[in-house]
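**Q** Input: one structure, supplied below.
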Amino acid sequence: LLKKLSDNDDPRFVDEIYDLFQTSKSPRFKTAILDYFAKLEDPCLEDYAVTVLNDPYDEPLDLVSSVFSYAAKVKCHEAVPAVMNLLENDNEKYFNSALDAIGDIGGEEEAEEMAGYLDREDLTSAQRQSLMRVLGKLKAVKTWDKLKEIVENEDENIFVRAYAAQAIGAMQKIESVEILKNLFEDSDPTLRTYALKGLSYFDKEQVQDVFLEGLRDSYYKVRLEAIEAVEKLEIKDAVSAVIYRAKTDPESAVKKACYPVLAKFNTKETDEFLFGIIKNKKSGDNTRALVVEALMKHKKTVPSEIVELAEQTAKDDLSKSLRYAIGKELAKYENPDFENICLLFLDSKDTTTIGLGLDIYKTNKFSSAQEKMRSLYSEKKTNSSIKSRIQKMLNIEDKDDEKAKETK
């Protein structure tokens with residue numbers, strides 16, 4: 001129940017859940033409640049979090065981990081001294097969690113203190129990676145010179161160098177641009193990937209040439225990073241290259257990443273390409289579904305091509321997967337153009353399709369759909385869960401309740 005409430009950002013029972021937290025003896029249950037309030041970013045358990053972080057040693061590790069995450073999520077600055085103390089005490093099992101928390105709730109003072117950790121020889125490679133990431137997050141500019149040395153040290157661990165590269169980019173010192181561009185020339189794909197991550201913090205005029213080159217990289221993760229940066233920095237000069245990737249890239253993950261970027265740019269060239277995919281059955285239902293999702297997210301008005309495709313799939317049982325995908329998207333939006341689609345879905349013999357028709361009705365409340373819904377409710381063969389949803393939506397009184405009233 002807590003997970004369901006959390007997934008839906010449902011705050012209706014916060015008082016009851018808070019009271020339950022105070023009386024519960026179960027660490028597992030406390031962990032679930034902490035995760036719930038972290039998702040809501042509700043600071044009601046800050047005092048508890050500070051108490052645990054001051055003395056976590058007798059608590060289950062999962063619970064302490066959730067306390068760290070909670071403190072970070074609600075920006076519990078009162079927990080900073082306790083978290084820093086855990087870092088200084090060299091307790092390995094809390095080190096990474098404490099570092100991550102400081103990245104969210106720490107400030108310049110903590111950044112300077114952690115800069116001293118760069119010279120420690122007892123840290124593992126994983127801990128040094130975490131440290132690089134956090135210093136970048138805190139924009140600890142005073143550590144820039146040291147991180148620059150790490151980035152350029154070819155004897156250093158690859159992943160430590162990679163995280164250091166991202167960190168100096170996050171600090172947004174202009175001197176980082178040339179260093180990261182040079183790093184992008186490295187033969188190691190991880191370093192090239194993180195060089196792009198670092199460069200994505202700068203204005204596109206300074207870095208777009210590297211991202212255009214990144215779109216042609218031989219390693220797919222570099223191409224993915226370049227696509228992400230093209231969207232983030234709005235590099236419109238990359239549109240043709242992204243379309244080429246969407247058409248020809250051998251990695252499905254890269255193709256998938258291209259569609260929302262192209263939909264966001266919303267140019268004549270991108271529309272021609274994306275609508276071409278929707279209209280072409282040979283594109284494949286999965287690809288068409290991804291394009292529909294991207295267009296629905298970024299278009300201010302729903303394209304008629306999507307409405308037409310939804311109506312076509314409603315009548316085509318060979319395209320059920322595409323129908324389901326489109327139905328889920330349409331159900332998120334209120335639009336009078338969806339009325340016929342709603343009716344077609346409700347008229348289906350497929351239970352999942354009928355359910356999607358009800359989802360569309362729930363958002364739009366088409367009066368024309370109510371007669372069909374009542375008809376479905378009265379039919380014996382209609383799925384019980386569908387009947388139950390219709391009953392609630394239309395406030396239909398249960399027949400057993402009616403009989404009970406008559407008897408009374």
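By convention in this document, the chains of the structure tokens carry letters A, B, ... by their order, each chain's residues are numbered from 1, and ligands are numbered from 1 in the order they are shown.
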Which residues come within 10 Å of Leu183 (chain A), counting only C-alpha atoms, excluding same-chain residues fewer than 5 positions away, as a VMD selection string?
**A** chain A and resid 151 to 152 161 to 162 165 177 to 178 188 191 to 196
**Q** I need the residues in region 60-200 of chain A that are alpha helix (DSSP H) according to DSSP; give them as a PyMOL selection string.
**A** chain A and resi 61-73+80-88+92-105+108-115+125-137+144-152+158-170+175-183+189-199
**Q** Neighbours of region 44-46 of chain A within 9 Å (only C-alpha atoms; same-chain residues fewer than 4 positions away dropped), as number ranges by chain?
**A** A: 18, 34, 37, 50-51, 70-71, 74, 76, 78-79
**Q** Any chance you can output those residues with all heavy atoms as a PDB file, in the first residue's frame?
**A**
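For reference, part24.pdb as written:
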```pdb
ATOM      1  N   TYR A  18       2.318   8.867   9.475  1.00  0.00           N
ATOM      2  CA  TYR A  18       3.265   9.438  10.446  1.00  0.00           C
ATOM      3  C   TYR A  18       3.037   8.834  11.833  1.00  0.00           C
ATOM      4  O   TYR A  18       3.987   8.434  12.522  1.00  0.00           O
ATOM      5  CB  TYR A  18       3.111  10.953  10.491  1.00  0.00           C
ATOM      6  CG  TYR A  18       3.967  11.607  11.557  1.00  0.00           C
ATOM      7  CD1 TYR A  18       5.313  11.866  11.323  1.00  0.00           C
ATOM      8  CD2 TYR A  18       3.438  11.934  12.798  1.00  0.00           C
ATOM      9  CE1 TYR A  18       6.114  12.449  12.293  1.00  0.00           C
ATOM     10  CE2 TYR A  18       4.229  12.515  13.786  1.00  0.00           C
ATOM     11  CZ  TYR A  18       5.562  12.766  13.523  1.00  0.00           C
ATOM     12  OH  TYR A  18       6.358  13.328  14.495  1.00  0.00           O
ATOM     13  N   LEU A  34       9.843   5.807   5.481  1.00  0.00           N
ATOM     14  CA  LEU A  34      10.872   6.804   5.141  1.00  0.00           C
ATOM     15  C   LEU A  34      10.932   7.031   3.634  1.00  0.00           C
ATOM     16  O   LEU A  34      11.014   8.171   3.165  1.00  0.00           O
ATOM     17  CB  LEU A  34      12.239   6.335   5.646  1.00  0.00           C
ATOM     18  CG  LEU A  34      12.530   6.566   7.127  1.00  0.00           C
ATOM     19  CD1 LEU A  34      13.675   5.678   7.589  1.00  0.00           C
ATOM     20  CD2 LEU A  34      12.871   8.034   7.385  1.00  0.00           C
ATOM     21  N   PHE A  37       7.859   9.157   2.583  1.00  0.00           N
ATOM     22  CA  PHE A  37       7.976  10.589   2.883  1.00  0.00           C
ATOM     23  C   PHE A  37       9.108  11.236   2.082  1.00  0.00           C
ATOM     24  O   PHE A  37       9.053  12.432   1.780  1.00  0.00           O
ATOM     25  CB  PHE A  37       8.174  10.819   4.379  1.00  0.00           C
ATOM     26  CG  PHE A  37       6.896  10.712   5.174  1.00  0.00           C
ATOM     27  CD1 PHE A  37       6.762   9.801   6.207  1.00  0.00           C
ATOM     28  CD2 PHE A  37       5.824  11.543   4.878  1.00  0.00           C
ATOM     29  CE1 PHE A  37       5.583   9.708   6.933  1.00  0.00           C
ATOM     30  CE2 PHE A  37       4.632  11.460   5.595  1.00  0.00           C
ATOM     31  CZ  PHE A  37       4.513  10.545   6.619  1.00  0.00           C
ATOM     32  N   VAL A  50      18.054  12.757  11.906  1.00  0.00           N
ATOM     33  CA  VAL A  50      19.259  13.282  12.559  1.00  0.00           C
ATOM     34  C   VAL A  50      19.687  12.371  13.713  1.00  0.00           C
ATOM     35  O   VAL A  50      20.874  12.086  13.899  1.00  0.00           O
ATOM     36  CB  VAL A  50      19.009  14.723  13.064  1.00  0.00           C
ATOM     37  CG1 VAL A  50      20.201  15.210  13.886  1.00  0.00           C
ATOM     38  CG2 VAL A  50      18.776  15.667  11.886  1.00  0.00           C
ATOM     39  N   THR A  51      18.698  11.893  14.476  1.00  0.00           N
ATOM     40  CA  THR A  51      18.994  10.997  15.608  1.00  0.00           C
ATOM     41  C   THR A  51      19.684   9.726  15.129  1.00  0.00           C
ATOM     42  O   THR A  51      20.693   9.284  15.701  1.00  0.00           O
ATOM     43  CB  THR A  51      17.692  10.634  16.352  1.00  0.00           C
ATOM     44  OG1 THR A  51      17.079  11.832  16.842  1.00  0.00           O
ATOM     45  CG2 THR A  51      17.982   9.706  17.525  1.00  0.00           C
ATOM     46  N   TYR A  70      16.494   9.813   2.653  1.00  0.00           N
ATOM     47  CA  TYR A  70      15.444  10.724   3.106  1.00  0.00           C
ATOM     48  C   TYR A  70      16.037  12.100   3.440  1.00  0.00           C
ATOM     49  O   TYR A  70      15.519  13.135   2.999  1.00  0.00           O
ATOM     50  CB  TYR A  70      14.745  10.142   4.344  1.00  0.00           C
ATOM     51  CG  TYR A  70      13.791  11.110   5.006  1.00  0.00           C
ATOM     52  CD1 TYR A  70      12.507  11.311   4.487  1.00  0.00           C
ATOM     53  CD2 TYR A  70      14.171  11.846   6.118  1.00  0.00           C
ATOM     54  CE1 TYR A  70      11.635  12.221   5.067  1.00  0.00           C
ATOM     55  CE2 TYR A  70      13.310  12.753   6.706  1.00  0.00           C
ATOM     56  CZ  TYR A  70      12.043  12.939   6.185  1.00  0.00           C
ATOM     57  OH  TYR A  70      11.183  13.844   6.752  1.00  0.00           O
ATOM     58  N   ALA A  71      17.129  12.110   4.207  1.00  0.00           N
ATOM     59  CA  ALA A  71      17.759  13.374   4.591  1.00  0.00           C
ATOM     60  C   ALA A  71      18.182  14.176   3.363  1.00  0.00           C
ATOM     61  O   ALA A  71      18.042  15.406   3.316  1.00  0.00           O
ATOM     62  CB  ALA A  71      18.964  13.101   5.489  1.00  0.00           C
ATOM     63  N   VAL A  74      14.906  15.592   1.423  1.00  0.00           N
ATOM     64  CA  VAL A  74      14.182  16.716   2.055  1.00  0.00           C
ATOM     65  C   VAL A  74      15.130  17.863   2.395  1.00  0.00           C
ATOM     66  O   VAL A  74      14.742  18.819   3.055  1.00  0.00           O
ATOM     67  CB  VAL A  74      13.414  16.256   3.311  1.00  0.00           C
ATOM     68  CG1 VAL A  74      12.422  15.163   2.971  1.00  0.00           C
ATOM     69  CG2 VAL A  74      14.351  15.804   4.430  1.00  0.00           C
ATOM     70  N   CYS A  76      17.764  18.038   4.464  1.00  0.00           N
ATOM     71  CA  CYS A  76      17.870  18.162   5.920  1.00  0.00           C
ATOM     72  C   CYS A  76      19.273  18.651   6.302  1.00  0.00           C
ATOM     73  O   CYS A  76      20.170  17.852   6.593  1.00  0.00           O
ATOM     74  CB  CYS A  76      17.558  16.818   6.584  1.00  0.00           C
ATOM     75  SG  CYS A  76      17.668  16.839   8.374  1.00  0.00           S
ATOM     76  N   GLU A  78      20.264  20.035   8.928  1.00  0.00           N
ATOM     77  CA  GLU A  78      20.616  19.737  10.313  1.00  0.00           C
ATOM     78  C   GLU A  78      21.401  18.424  10.425  1.00  0.00           C
ATOM     79  O   GLU A  78      22.067  18.175  11.431  1.00  0.00           O
ATOM     80  CB  GLU A  78      19.350  19.649  11.184  1.00  0.00           C
ATOM     81  CG  GLU A  78      18.625  20.971  11.393  1.00  0.00           C
ATOM     82  CD  GLU A  78      17.782  21.376  10.187  1.00  0.00           C
ATOM     83  OE1 GLU A  78      17.676  20.548   9.239  1.00  0.00           O
ATOM     84  OE2 GLU A  78      17.251  22.500  10.178  1.00  0.00           O
ATOM     85  N   ALA A  79      21.303  17.582   9.393  1.00  0.00           N
ATOM     86  CA  ALA A  79      21.992  16.285   9.416  1.00  0.00           C
ATOM     87  C   ALA A  79      23.442  16.374   8.951  1.00  0.00           C
ATOM     88  O   ALA A  79      24.192  15.406   9.076  1.00  0.00           O
ATOM     89  CB  ALA A  79      21.235  15.279   8.545  1.00  0.00           C
TER      90      ALA A  79
END
```
**Q** I need the residue nearest Ala126 (chain A) from this list: A:Val160, A:Glu379, A:Asp186, A:Asp104. Use only C-alpha atoms for the distance.
**A**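 Under the stated criterion, the closest residue is A:Val160.
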**Q** If we count only C-alpha atoms, what is near region 344-359 of chain A at a cut-off of 10 Å, once residues fewer than 6 positions away on the same chain are taken out, given as a PyMOL selection string?
**A** chain A and resi 310-315+317+320+323-332+338+365+369+372-373+376+382-383+385-386+389-390+393
**Q** Give me the residues within 9 Å of region 203-206 of chain A as a ChimeraX atom specification, counting only C-alpha atoms and dropping any in the same chain fewer than 3 places off.
**A** /A:177,199-200,209,230,233-235
